[in-house]
Structures are given as C-alpha cells and as structure tokens.
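So this one's my_file.txt, compact mmCIF, C-alpha atoms:
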# COMPACT_ATOMS: atom_id res chain seq x y z
CA TYR A 1 51.91 130.35 35.87
CA CYS A 2 49.47 132.68 37.66
CA PHE A 3 50.01 135.36 35.04
CA THR A 4 49.36 132.88 32.24
CA PHE A 5 46.17 131.61 33.89
CA ARG A 6 45.01 135.18 34.64
CA GLN A 7 45.56 136.07 30.98
CA LEU A 8 43.55 133.00 29.93
CA MET A 9 40.73 134.04 32.27
CA ASP A 10 40.73 137.54 30.78
CA ASP A 11 40.73 136.09 27.25
CA ALA A 12 37.84 133.73 28.10
CA GLN A 13 35.77 136.63 29.41
CA ALA A 14 36.01 138.22 25.97
CA LEU A 15 34.86 134.96 24.36
CA ILE A 16 31.71 134.57 26.45
CA LEU A 17 28.98 136.65 24.90
CA ARG A 18 26.45 137.08 27.70
CA ASP A 19 26.12 136.81 31.45
CA GLN A 20 22.44 137.57 32.05
CA LEU A 21 19.06 136.35 30.88
CA ASN A 22 16.00 138.35 30.02
CA ALA A 23 12.69 137.94 31.85
CA GLU A 24 11.20 135.76 29.09
CA GLU A 25 14.14 133.33 29.22
CA LYS A 26 13.92 133.05 33.00
CA GLU A 27 10.17 132.49 32.83
CA GLN A 28 10.66 129.72 30.25
CA PHE A 29 13.26 128.00 32.45
CA TRP A 30 11.04 128.00 35.54
CA ARG A 31 8.01 126.91 33.50
CA ASP A 32 9.62 124.22 31.28
CA GLY A 33 12.69 123.20 33.27
CA PHE A 34 15.07 124.33 30.53
CA VAL A 35 15.83 127.25 28.28
CA ILE A 36 17.80 127.30 25.04
CA LEU A 37 20.29 130.15 24.88
CA PRO A 38 22.00 130.31 21.50
CA SER A 39 25.38 131.98 21.24
CA ILE A 40 26.58 132.08 24.83
CA LEU A 41 30.10 131.37 23.57
CA SER A 42 31.73 133.10 20.64
CA GLU A 43 32.66 130.98 17.63
CA ARG A 44 36.33 131.53 18.50
CA CYS A 45 35.75 130.17 21.99
CA VAL A 46 33.92 127.11 20.60
CA GLU A 47 36.78 126.43 18.16
CA ASN A 48 39.37 126.78 20.94
CA LEU A 49 37.44 124.31 23.12
CA ARG A 50 37.08 121.81 20.25
CA GLU A 51 40.81 122.00 19.57
CA ARG A 52 41.54 120.91 23.15
CA PHE A 53 39.73 117.58 22.82
CA THR A 54 42.36 115.74 20.77
CA ASP A 55 45.11 116.53 23.28
CA LEU A 56 42.89 115.80 26.27
CA PHE A 57 41.94 112.35 25.05
CA ALA A 58 45.59 111.69 24.11
CA GLY A 59 46.54 112.32 27.75
CA LYS A 60 48.23 115.66 27.07
CA PHE A 61 47.17 117.82 29.99
CA SER A 62 48.38 121.44 29.88
CA THR A 63 48.18 121.75 33.66
CA GLY A 64 50.07 118.51 34.31
CA VAL A 65 47.08 117.33 36.38
CA TYR A 66 44.88 114.40 35.43
CA PRO A 67 41.11 114.92 35.23
CA ASP A 68 38.98 113.03 37.77
CA GLU A 69 37.68 110.57 35.18
CA TRP A 70 39.00 109.76 31.71
CA TYR A 71 37.15 107.30 29.51
CA TRP A 72 38.61 106.44 26.13
CA ARG A 73 42.20 105.64 25.27
CA LYS A 74 43.56 105.47 21.71
CA GLY A 75 44.53 101.93 20.86
CA LEU A 76 42.63 100.50 23.83
CA SER A 77 39.08 101.76 23.39
CA LEU A 78 36.77 101.22 20.44
CA PRO A 79 37.48 103.99 17.91
CA LEU A 80 33.84 105.10 17.65
CA ALA A 81 32.98 104.83 21.34
CA THR A 82 31.70 107.93 23.11
CA ARG A 83 34.56 109.61 24.97
CA GLU A 84 34.21 111.30 28.34
CA ILE A 85 36.37 113.32 30.71
CA CYS A 86 35.03 114.58 34.04
CA ASN A 87 36.53 117.75 35.45
CA ALA A 88 38.63 118.59 32.42
CA TRP A 89 39.12 122.04 33.98
CA LYS A 90 41.75 120.44 36.21
CA ALA A 91 43.68 119.19 33.18
CA ASP A 92 43.41 122.07 30.70
CA ASP A 93 43.99 125.77 31.33
CA PHE A 94 41.69 127.02 28.57
CA ILE A 95 38.81 124.76 29.57
CA ALA A 96 39.30 126.00 33.14
CA SER A 97 39.17 129.61 31.99
CA VAL A 98 35.76 129.00 30.38
CA VAL A 99 34.20 126.65 32.93
CA LEU A 100 35.32 128.78 35.89
CA SER A 101 34.57 132.10 34.23
CA ARG A 102 32.88 134.83 36.21
CA LEU A 103 30.48 135.48 33.32
CA LEU A 104 29.09 131.94 33.23
CA GLY A 105 28.83 132.04 37.02
CA ASN A 106 26.87 135.30 36.73
CA LEU A 107 24.55 133.79 34.12
CA VAL A 108 23.73 130.78 36.32
CA SER A 109 23.40 132.90 39.48
CA ASP A 110 21.07 135.30 37.70
CA LEU A 111 18.90 132.45 36.41
CA MET A 112 18.62 130.71 39.78
CA GLY A 113 18.35 133.86 41.89
CA TRP A 114 21.47 132.99 43.88
CA LEU A 115 22.73 136.19 45.50
CA GLY A 116 26.02 134.66 46.67
CA GLY A 117 27.19 133.53 43.23
CA ALA A 118 27.69 130.05 41.83
CA ARG A 119 30.17 127.23 42.29
CA LEU A 120 31.14 124.40 40.01
CA ALA A 121 30.23 120.84 41.04
CA GLN A 122 31.77 119.28 37.92
CA ASP A 123 32.31 119.67 34.21
CA ASP A 124 31.86 116.81 31.79
CA VAL A 125 33.41 116.71 28.32
CA LEU A 126 31.58 114.31 26.01
CA TRP A 127 32.90 113.63 22.53
CA LYS A 128 30.71 111.55 20.25
CA PRO A 129 32.70 110.71 17.10
CA ALA A 130 30.88 111.03 13.79
CA GLY A 131 29.70 107.78 12.25
CA GLY A 132 29.23 105.87 15.45
CA SER A 133 29.49 106.32 19.18
CA THR A 134 27.47 104.86 21.97
CA ALA A 135 24.24 106.41 23.16
CA ILE A 136 23.96 108.28 26.41
CA GLY A 137 20.55 107.61 27.88
CA PHE A 138 18.35 110.17 29.57
CA HIS A 139 19.52 110.72 33.12
CA ARG A 140 19.55 113.29 35.90
CA ASP A 141 22.65 114.26 37.81
CA ALA A 142 20.87 116.27 40.47
CA HIS A 143 20.29 113.36 42.84
CA TYR A 144 24.00 112.99 43.55
CA ILE A 145 25.16 116.55 42.92
CA SER A 146 22.42 118.35 44.85
CA SER A 147 22.89 116.19 47.93
CA GLN A 148 26.43 117.56 48.30
CA PHE A 149 25.30 121.15 48.88
CA THR A 150 22.98 123.10 51.14
CA PRO A 151 20.34 124.33 50.95
CA LEU A 152 19.05 121.25 49.12
CA LYS A 153 16.19 122.95 47.24
CA ASP A 154 17.11 124.46 43.84
CA ASN A 155 20.83 124.24 44.56
CA SER A 156 22.06 122.90 41.22
CA VAL A 157 21.56 123.51 37.53
CA THR A 158 23.18 122.05 34.43
CA LEU A 159 24.59 124.37 31.79
CA TRP A 160 24.97 122.24 28.65
CA MET A 161 27.08 123.85 25.95
CA ALA A 162 26.98 121.97 22.64
CA LEU A 163 30.11 122.67 20.62
CA ASP A 164 28.59 121.16 17.46
CA ASP A 165 25.07 121.25 16.08
CA ALA A 166 22.88 119.06 18.26
CA ASP A 167 19.70 117.73 16.72
CA SER A 168 17.77 114.51 16.18
CA GLU A 169 19.28 114.02 12.70
CA ASN A 170 22.86 113.70 13.94
CA GLY A 171 21.89 111.65 16.98
CA ALA A 172 22.98 114.19 19.56
CA VAL A 173 19.51 114.64 21.01
Just dump the structure as structure tokens.
Amino acid sequence: YCFTFRQLMDDAQALILRDQLNAEEKEQFWRDGFVILPSILSERCVENLRERFTDLFAGKFSTGVYPDEWYWRKGLSLPLATREICNAWKADDFIASVVLSRLLGNLVSDLMGWLGGARLAQDDVLWKPAGGSTAIGFHRDAHYISSQFTPLKDNSVTLWMALDDADSENGAV
C-alpha cells in the first residue's frame, strides 16, 4: 500500500505544472484578493480527477475510508442536485496524491510567504451536473477554517481548481 501511494504521489507531481508564482501574480493576489492561474494541472491530471467522481459519488472509495461528508446518493437524491464530498482525499488515493502534493503546497506557501510550508484544512469536491443543479451562494470559509490555526492573521487561502470551464454562461460563476 505505501509503495502504491508513493507511486501515485510521484505520478501526481508530474501532472502538476507549476509550484511558484511570478511577482505580478503575487501582486495581483494581494491587491485583488484572488489571482487566476490557468493550467496548474495538466489535462491528464484533470481527466484523472474527473474520472474519480462517478465512483466517489457511488460510494466506491479506493482507500476503503469514507470521506468526512458525502452529499448526494443515486436513487435517493434529486438527479440534478449539486453533489458534494468533503475531504475526498481520505477516500481516493489519486485525489489524495493531488491535494496533498508537495508542488501545490509549495505554490500556496510561496504565495502566502509561509516559510514552514502549508497544511490542508479540507478539500471539497463539488459536482454540478449539466442541465440543472442547485446554486451555491457566495460564502467565505475563512471564519471557521482560520480560527482552527495560529497565527490567526493570513493563515488560510483557498485554491479553487475548476475541472471544467467555469464562466457565467454555464452557471459556474
């Protein structure tokens, strides 16, 4: 099992395309509160992540461990309802290899100026089926995530990775 997970981690490193930001990107983040970084993940990595969703929401967990939260069950939930799994990294080896990757940790640490590295508070898989799904209103997670860590100031950041095009036309934004 450790060898398999180590191999997945090595494979994921090859699928993540960058681990640092340039000065302009950092400046934009600190000025605007966000920065758009296209192509952090390779297309192969995105496809591999997408392929995991069907099994995850069917309750097929490659690790044998349930995620912390699992909203949407086939046959019980509305077919077009938005689906959500919190901490999918616990349930799927490949998702873990991406979410826990050293390269993404480096990218976040570099952006925030954290010398000691980064740690994961949670991951959140959202799947909005085409042709429907429920809206997810604007919200901030920092008030409950940040309070769990010290120092309190600038101790959390969200790294949102859209696996499909996200724009106002398809309702993702």
Using all atoms listed in the file, which protein or nucleic acid residues come within 9 Å of region 112-124 of chain A? Drop anything in the same chain fewer than 3 positions from it, and give the result as number ranges by chain.
A: 26, 84-89, 99-100, 104-109, 145, 148, 154-157
Can I get the selection written as a short mmCIF file (atom, residue, chain, number, x, y, z; two decimals), in the frame of the given file, with C-alpha atoms?
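Ended up saving to selection-v3.cif:
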data_model
loop_
_atom_site.label_atom_id
_atom_site.label_comp_id
_atom_site.auth_asym_id
_atom_site.auth_seq_id
_atom_site.Cartn_x
_atom_site.Cartn_y
_atom_site.Cartn_z
CA LYS A 26 13.92 133.05 33.00
CA GLU A 84 34.21 111.30 28.34
CA ILE A 85 36.37 113.32 30.71
CA CYS A 86 35.03 114.58 34.04
CA ASN A 87 36.53 117.75 35.45
CA ALA A 88 38.63 118.59 32.42
CA TRP A 89 39.12 122.04 33.98
CA VAL A 99 34.20 126.65 32.93
CA LEU A 100 35.32 128.78 35.89
CA LEU A 104 29.09 131.94 33.23
CA GLY A 105 28.83 132.04 37.02
CA ASN A 106 26.87 135.30 36.73
CA LEU A 107 24.55 133.79 34.12
CA VAL A 108 23.73 130.78 36.32
CA SER A 109 23.40 132.90 39.48
CA ILE A 145 25.16 116.55 42.92
CA GLN A 148 26.43 117.56 48.30
CA ASP A 154 17.11 124.46 43.84
CA ASN A 155 20.83 124.24 44.56
CA SER A 156 22.06 122.90 41.22
CA VAL A 157 21.56 123.51 37.53
#
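If you measure from each of A:Phe29, A:Trp127, A:Trp70, A:Phe149 to Thr54 (chain A) using all atoms listed in the file, the closest one turns out to be A:Trp127.
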Near Ser42 (chain A), within 8 Å and counting only C-alpha atoms, which residues show up once chain neighbours fewer than 5 positions away are dropped, as a PyMOL selection string?
chain A and resi 15-17
Just give me the residues with any atom within 12 Å of (18.3, 133.6, 21.3), file coordinates, counting all atoms listed in the file, written as a ChimeraX atom specification.
/A:17-18,21-22,24-25,35-40
Residues within 8 Å of region 72-74 of chain A, please, as a PyMOL selection string. Count only C-alpha atoms; anything in the same chain fewer than 5 positions from it doesn't count.
chain A and resi 57-58+79+81-84
Taking all atoms listed in the file into account, which of A:Ala162, A:Leu111, A:Ile136, A:Ile95 comes nearest Glu51 (chain A)?
A:Ile95
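Using all atoms listed in the file, the smallest distance between any of A:Thr158, A:Ser147, A:Ser62, A:Asn48 and Phe34 (chain A) comes from A:Thr158.
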